Amino acid sequence: MKEEIKITLPDGTTIKHPKGVTGNEVASVIGAGLAKAALSIKVNGNLYDLSRPILEDAEIEILTDKSDESKTIIWHSTSHIMAQAVQELFPGTKVTLGPPIADGFYYDFDTEKPFTTDDLLKIETRMAEIISGDHEFTRETIQKDDAIKMFKEKGEEYKLEILSEIEDETVSIYTQNDWTDLCRGPHIPTTSKIKSFKLLKIAGSYWRGDEKRQQLQRIYGTSYSNEKELEQHLNRLKEAKLRDHRKIGKELELFAFHDIAPGSPFWLPNGMILIRELEKYLREKLDEAGYVEASTPMLVKKSLWEKSGHWDYYRDNMFVVDDGEEVYALKPMNCPESTYIYAAKTRSYRDLPIRIAEIGRLHRNEVSGALGGLFRVRQFTMDDAHLFLLPSQITEEVNGCMKLISDFYSIFGFEPKYYFATKPDKALGDPELWDKAEVALKAALDTQNIDYKLNEKDGAFYGPKIDIQVKDALGRSWQLATIQLDFVLPERFELNYIDENDKKQRPVMIHRAIFGSFERFIGVLIEHFTGNFPTWLAPVQVVVIPISEKHIKYATKVYESLIKTGVRVNLDSRSEKMGAKIRDSETMKIPYMLVVGEKEAENSSVSVRKHLTGDQGQKPLEEFIKEIKEEITERRLNNLN
RNA sequence: GCCCACGUAGCUCAGUCGGCAGAGCGCGUCCUUGGUAAGGACGAGGUCACCGGUUCAAAUCCGGUCGUGGGCUCCA
């Protein structure tokens with residue numbers, strides 16, 4: 001009699017099966033429907049192919065297309081099919097890696113001729129044939145030596161390099177439709193489980209992401225087990241395009257780029273309003289949180305950068321200015337100079353902590369290919385701050401930073417997520433201080449009951465840090481804020497304070513940013529709000545629309561009383577029809593349109609139309625002013641997104 | 001920086017096989033005076049990114065430069 005194993009289902013029931021039973025068989029016993037929908041199986045936490053024998057007692061979970069894990073399996077299987085199609089259509093192409101990624105998959109190829117858009121269509125056609133052939137994905141475990149022999153014969157040098165790094169004696173290979181790839185798996189049972197797919201783009205990449213190594217051709221694609229999900233995915237891409245801050249920035253006249261200053265935005269008057277409002281809000285928050293503000297020079301002698309270490313490690317990213325007598329560099333960071341503010345006078349332990357904010361304009365010479373809209377620029381304005389404190393104050397100060405950050409974000413509707421990064425292998429500074437600091441950071445996170453993810457050994461070489469990410473309205477994550485401890489800079493710049501025993505001691509330094517840079521943050525805000533800013537941020541808050549020339553006089557009165565109360569208001573007195581004026585204001589995403597004519601002039605009222613919402617009816621001008629003032633002062637969200 | 005694609009009016013874009021530079025929006029002037037998303041007429045506006053080459057002839061073909069976009073971490 002054959003040996004039996006115990007299979008435990010997610011609901012706790014157990015079923016006995018003969019040893020070597022496959023996921024397919026287990027699923028069939030549970031139900032025919034499940035067997036049909038099954039894509040993979042989780043066995044004791046590991047993903048298995050449905051055809052792979054289970055050899056021991058196991059807790060299992062049959063995965064259908066409802067699970068995220070099975071999506072990655074579908075994507076990965078599709079990348080194999082794509083690789084097969086590519087090698088058939090373009091003989092001599094060598095395969096490298098083809099993993100699933102966030103929303104699909106890619107495969108990197110070494111090919112003599114780069115792929116064209118037409119090639120993508122050909123590849124898609126061939127893939128469709130393979131998929132409809134309903135070929136099985138079969139797994140085989142073979143000796144590594146045999147695998148080496150096999151891929152050597154095929155001339156797949158990249159697979160050989162991968163094999164040389166594998167320590168196990170056996171490796172797995174997967175075959176579909178007579179095409180075989182080295183792969184850890186698992187895969188979907190048959191090619192026909194893929195119901196929809198699309199190849200999205202061609203891109204260059206490097207073998208192992210290393211620019212010194214072979215340049216490869218990457219094809220990105222995505223696939224799903226039904227038509228609908230692909231459609232949804234393509235819609236998301238479309239939606240993201242509509243929200244693109246470069247497009248909206250141009251339409252709303254927020255900023256412009258010009259060849260004359262690559263990577264540096266020209267802020268137009270409308271965009272400047274965003275900067276001014278953010279600055280105002282930021283400074284209010286900083287004042288409340290006990291910060292002082294400083295400003296340090298933009299152009300500094302290179303000896304400063306030598307001392308800070310930037311000259312050795314960051315010079316490629318710095319703009320260097322030689323006036324013929326002296327070599328200067330534009331500051332790429334504020335921190336080294338902030339130490340001069342601290343050291344401008346003798347500090348006592350009683351003075352600490354000192355929190356120095358700097359809204360500083362920085363220049364970084366990013367390589368041309370890295371630039372992108374407002375997200376990656378060469379000149380930007382950082383909302384920076386440096387805190388100088390006693391080691392015993394770390395927890396409290398980090399707490400303060402986190403509170404400031406979550407407070408700041410809440411009015412934009414952002415939920416912060418925290419990542420705690422600890423000491424990396426290559427770290428500078430006193431190990432004892434490192435330990436203390438990590439304990440203190442953890443204490444800060446714990447006292448606030450903050451849910452965080454630990455990124456071990458991911459800290460900066462000069463200290464541990466907490467990174468904060470937010471998700472925007474489209475669910476995309478952005479890293480904006482960071483809180484970093486620094487033990488190295490106080491050392492390099494020989495900072496000190498006088499302790500209670502009249503002895504010199506080193507302070508600990510914290511670098512922190514709330515939203516990183518104005519440029520990037522505004523880019524994120526534009527996409528988050530689709531340009532439909534809350535009223536307090538909107539470049540133009542109200543437009544007054546007289547119905548005809550006869551009403552310009554009253555419209556001017558309305559306009560002036562709004563100006564007087566500090567509302568940003570335009571008067572649209574063009575000889576256009578009201579409909580056209582409304583259309584133009586809607587296009588410019590202006591929060592409020594005040595239509596005024598005969599009726600309104602008679603009783604000092606305005607007819608309010610709200611952006612994207614429509615006619616709100618008539619109300620007294622005074623009432624409207626009171627309401628909009630309140631909305632602006634409280635910095636209310638408009639919930640239009 | 002590297003690979004691919006792209007660069008035509010302020011904006012969005014068309015321009016076939018190499019043969020006189022186009023549209024809509026916007027802008028200007030005039031007409032129109034209106035009740036919640038485009039009223040009408042006329043007009044101005046171009047070194048086809050830049051430099052060079054091929055050709056009788058280049059926006060168009062070739063080479064280079066600059067700029068823009070996508071990608072270059074997601075580990076068989």
# chains A, B, ... in the order shown; residues from 1 in each chain; ligands from 1
$ closest_atom_pairs --of "chain B" --to "chain A" --cutoff "10 Å" --atoms "only C-alpha atoms (C1' of nucleotides)" --output "Markdown table"
| residue | atom | partner | partner_atom | distance |
| --- | --- | --- | --- | --- |
| B:G1 | C1' | A:Val367 | CA | 6.3 |
| B:C2 | C1' | A:Glu211 | CA | 6.9 |
| B:C3 | C1' | A:Gly204 | CA | 4.2 |
| B:C4 | C1' | A:Ala203 | CA | 6.2 |
| B:A5 | C1' | A:Thr116 | CA | 9.5 |
| B:C11 | C1' | A:Glu251 | CA | 8.4 |
| B:U32 | C1' | A:Ser575 | CA | 8.5 |
| B:U33 | C1' | A:Ser548 | CA | 5.1 |
| B:G34 | C1' | A:Lys577 | CA | 5.6 |
| B:G35 | C1' | A:Ile547 | CA | 7.1 |
| B:U36 | C1' | A:Asp615 | CA | 6.4 |
| B:A37 | C1' | A:Arg583 | CA | 4.1 |
| B:A38 | C1' | A:Ala580 | CA | 5.5 |
| B:G39 | C1' | A:Lys577 | CA | 7.2 |
| B:A49 | C1' | A:Asp259 | CA | 9.2 |
| B:C66 | C1' | A:Asp259 | CA | 7.9 |
| B:G67 | C1' | A:Asp259 | CA | 5.5 |
| B:U68 | C1' | A:Gly372 | CA | 9.0 |
| B:G69 | C1' | A:Gly372 | CA | 8.4 |
| B:G70 | C1' | A:Ala203 | CA | 7.0 |
| B:G71 | C1' | A:Ala203 | CA | 4.6 |
| B:C72 | C1' | A:Ser205 | CA | 4.1 |
| B:U73 | C1' | A:Gly209 | CA | 7.6 |
| B:C74 | C1' | A:Ile101 | CA | 6.2 |
| B:C75 | C1' | A:Arg208 | CA | 8.1 |
| B:A76 | C1' | A:Cys183 | CA | 4.3 |
$ write_last_selection --atoms "C-alpha atoms (C1' of nucleotides)" --output "CSV table (one decimal), in the first residue's frame"
chain,number,residue,atom,x,y,z
B,1,G,C1',26.1,58.6,-19.6
B,2,C,C1',23.9,54.1,-22.6
B,3,C,C1',19.7,51.9,-26.0
B,4,C,C1',15.2,53.1,-28.6
B,5,A,C1',11.6,56.8,-30.3
B,11,C,C1',-0.4,74.9,-27.8
B,32,U,C1',-22.2,90.3,-31.6
B,33,U,C1',-24.5,91.7,-25.5
B,34,G,C1',-25.8,86.8,-24.1
B,35,G,C1',-28.4,83.1,-17.8
B,36,U,C1',-24.2,77.9,-16.6
B,37,A,C1',-18.7,73.8,-20.9
B,38,A,C1',-16.9,76.6,-27.5
B,39,G,C1',-21.4,83.2,-31.4
B,49,A,C1',15.5,72.2,-33.0
B,66,C,C1',21.3,69.8,-28.6
B,67,G,C1',16.7,68.9,-26.3
B,68,U,C1',12.3,65.8,-25.0
B,69,G,C1',10.0,61.0,-23.8
B,70,G,C1',10.3,55.6,-22.4
B,71,G,C1',13.8,52.4,-20.1
B,72,C,C1',18.5,51.0,-17.8
B,73,U,C1',16.7,48.0,-9.1
B,74,C,C1',12.7,44.4,-9.2
B,75,C,C1',17.7,38.8,-9.5
B,76,A,C1',17.0,31.3,-13.1
$ residues_around --residues "B:A58" --least-positions-apart "4" --cutoff "12 Å" --atoms "only C-alpha atoms (C1' of nucleotides)" --output "list in words"
G18, G19, C48, G53, U54 and C62 of chain B
$ residues_around --residues "A:Ile188" --least-positions-apart "2" --cutoff "8 Å" --atoms "only C-alpha atoms (C1' of nucleotides)" --output "PyMOL selection string"
chain A and resi 39-40+49-50+73-74+77+137+186+190-191+193
$ select_by_dssp --residues "stretch 174-376 of chain A" --states "alpha helix (DSSP H)" --output "VMD selection string"
chain A and resid 227 to 242 245 to 251 269 to 288 302 to 308 310 to 313 335 to 342
$ atom_distance --atom1 "atom CA of A:Arg512" --atom2 "atom CA of A:Leu387"
8.1 Å
$ atom_distance --atom1 "atom CA of A:Ile514" --atom2 "atom CA of A:Ala427"
25.0 Å
$ decode --residues "stretch 132-193 of chain A" --atoms "C-alpha atoms" --output "short mmCIF file (atom, residue, chain, number, x, y, z; two decimals), in the first residue's frame"
data_model
loop_
_atom_site.label_atom_id
_atom_site.label_comp_id
_atom_site.auth_asym_id
_atom_site.auth_seq_id
_atom_site.Cartn_x
_atom_site.Cartn_y
_atom_site.Cartn_z
CA SER A 132 -3.87 29.04 -28.21
CA GLY A 133 -1.88 25.82 -28.74
CA ASP A 134 -2.66 25.03 -25.10
CA HIS A 135 0.84 23.70 -24.41
CA GLU A 136 1.74 22.40 -20.99
CA PHE A 137 4.48 23.92 -18.89
CA THR A 138 6.50 20.94 -17.73
CA ARG A 139 9.04 21.07 -14.96
CA GLU A 140 12.12 18.91 -14.90
CA THR A 141 14.86 18.71 -12.30
CA ILE A 142 18.26 17.99 -13.78
CA GLN A 143 21.87 17.93 -12.63
CA LYS A 144 23.53 21.30 -12.84
CA ASP A 145 26.29 19.83 -15.00
CA ASP A 146 23.71 18.61 -17.49
CA ALA A 147 22.13 22.04 -17.52
CA ILE A 148 25.51 23.62 -18.17
CA LYS A 149 26.05 21.23 -21.07
CA MET A 150 22.60 21.93 -22.43
CA PHE A 151 22.87 25.72 -22.39
CA LYS A 152 26.44 25.61 -23.69
CA GLU A 153 25.19 23.72 -26.74
CA LYS A 154 22.55 26.39 -27.24
CA GLY A 155 25.15 29.11 -26.87
CA GLU A 156 23.16 30.72 -24.05
CA GLU A 157 26.10 32.37 -22.34
CA TYR A 158 23.95 34.39 -19.95
CA LYS A 159 22.24 31.27 -18.65
CA LEU A 160 25.70 29.78 -18.10
CA GLU A 161 26.65 32.79 -16.02
CA ILE A 162 23.48 32.37 -13.98
CA LEU A 163 24.19 28.65 -13.57
CA SER A 164 27.73 29.36 -12.38
CA GLU A 165 26.23 31.35 -9.52
CA ILE A 166 23.81 28.63 -8.42
CA GLU A 167 25.14 26.53 -5.58
CA ASP A 168 22.62 23.68 -5.67
CA GLU A 169 23.57 20.49 -7.47
CA THR A 170 20.29 20.27 -9.30
CA VAL A 171 18.37 22.95 -11.11
CA SER A 172 14.92 23.07 -12.63
CA ILE A 173 14.09 23.69 -16.25
CA TYR A 174 10.70 24.43 -17.75
CA THR A 175 9.50 23.54 -21.21
CA GLN A 176 6.49 24.67 -23.16
CA ASN A 177 5.94 23.78 -26.80
CA ASP A 178 9.48 22.32 -27.04
CA TRP A 179 11.07 25.55 -25.84
CA THR A 180 13.10 25.24 -22.67
CA ASP A 181 14.37 27.79 -20.18
CA LEU A 182 16.29 27.58 -16.96
CA CYS A 183 13.81 28.67 -14.35
CA ARG A 184 12.95 28.30 -10.71
CA GLY A 185 9.26 28.41 -11.48
CA PRO A 186 6.53 27.84 -10.82
CA HIS A 187 4.41 28.23 -13.92
CA ILE A 188 0.79 28.03 -14.91
CA PRO A 189 -0.35 24.56 -16.02
CA THR A 190 -0.92 25.36 -19.68
CA THR A 191 -0.37 28.28 -22.01
CA SER A 192 -4.09 28.71 -22.68
CA LYS A 193 -4.69 29.96 -19.13
#
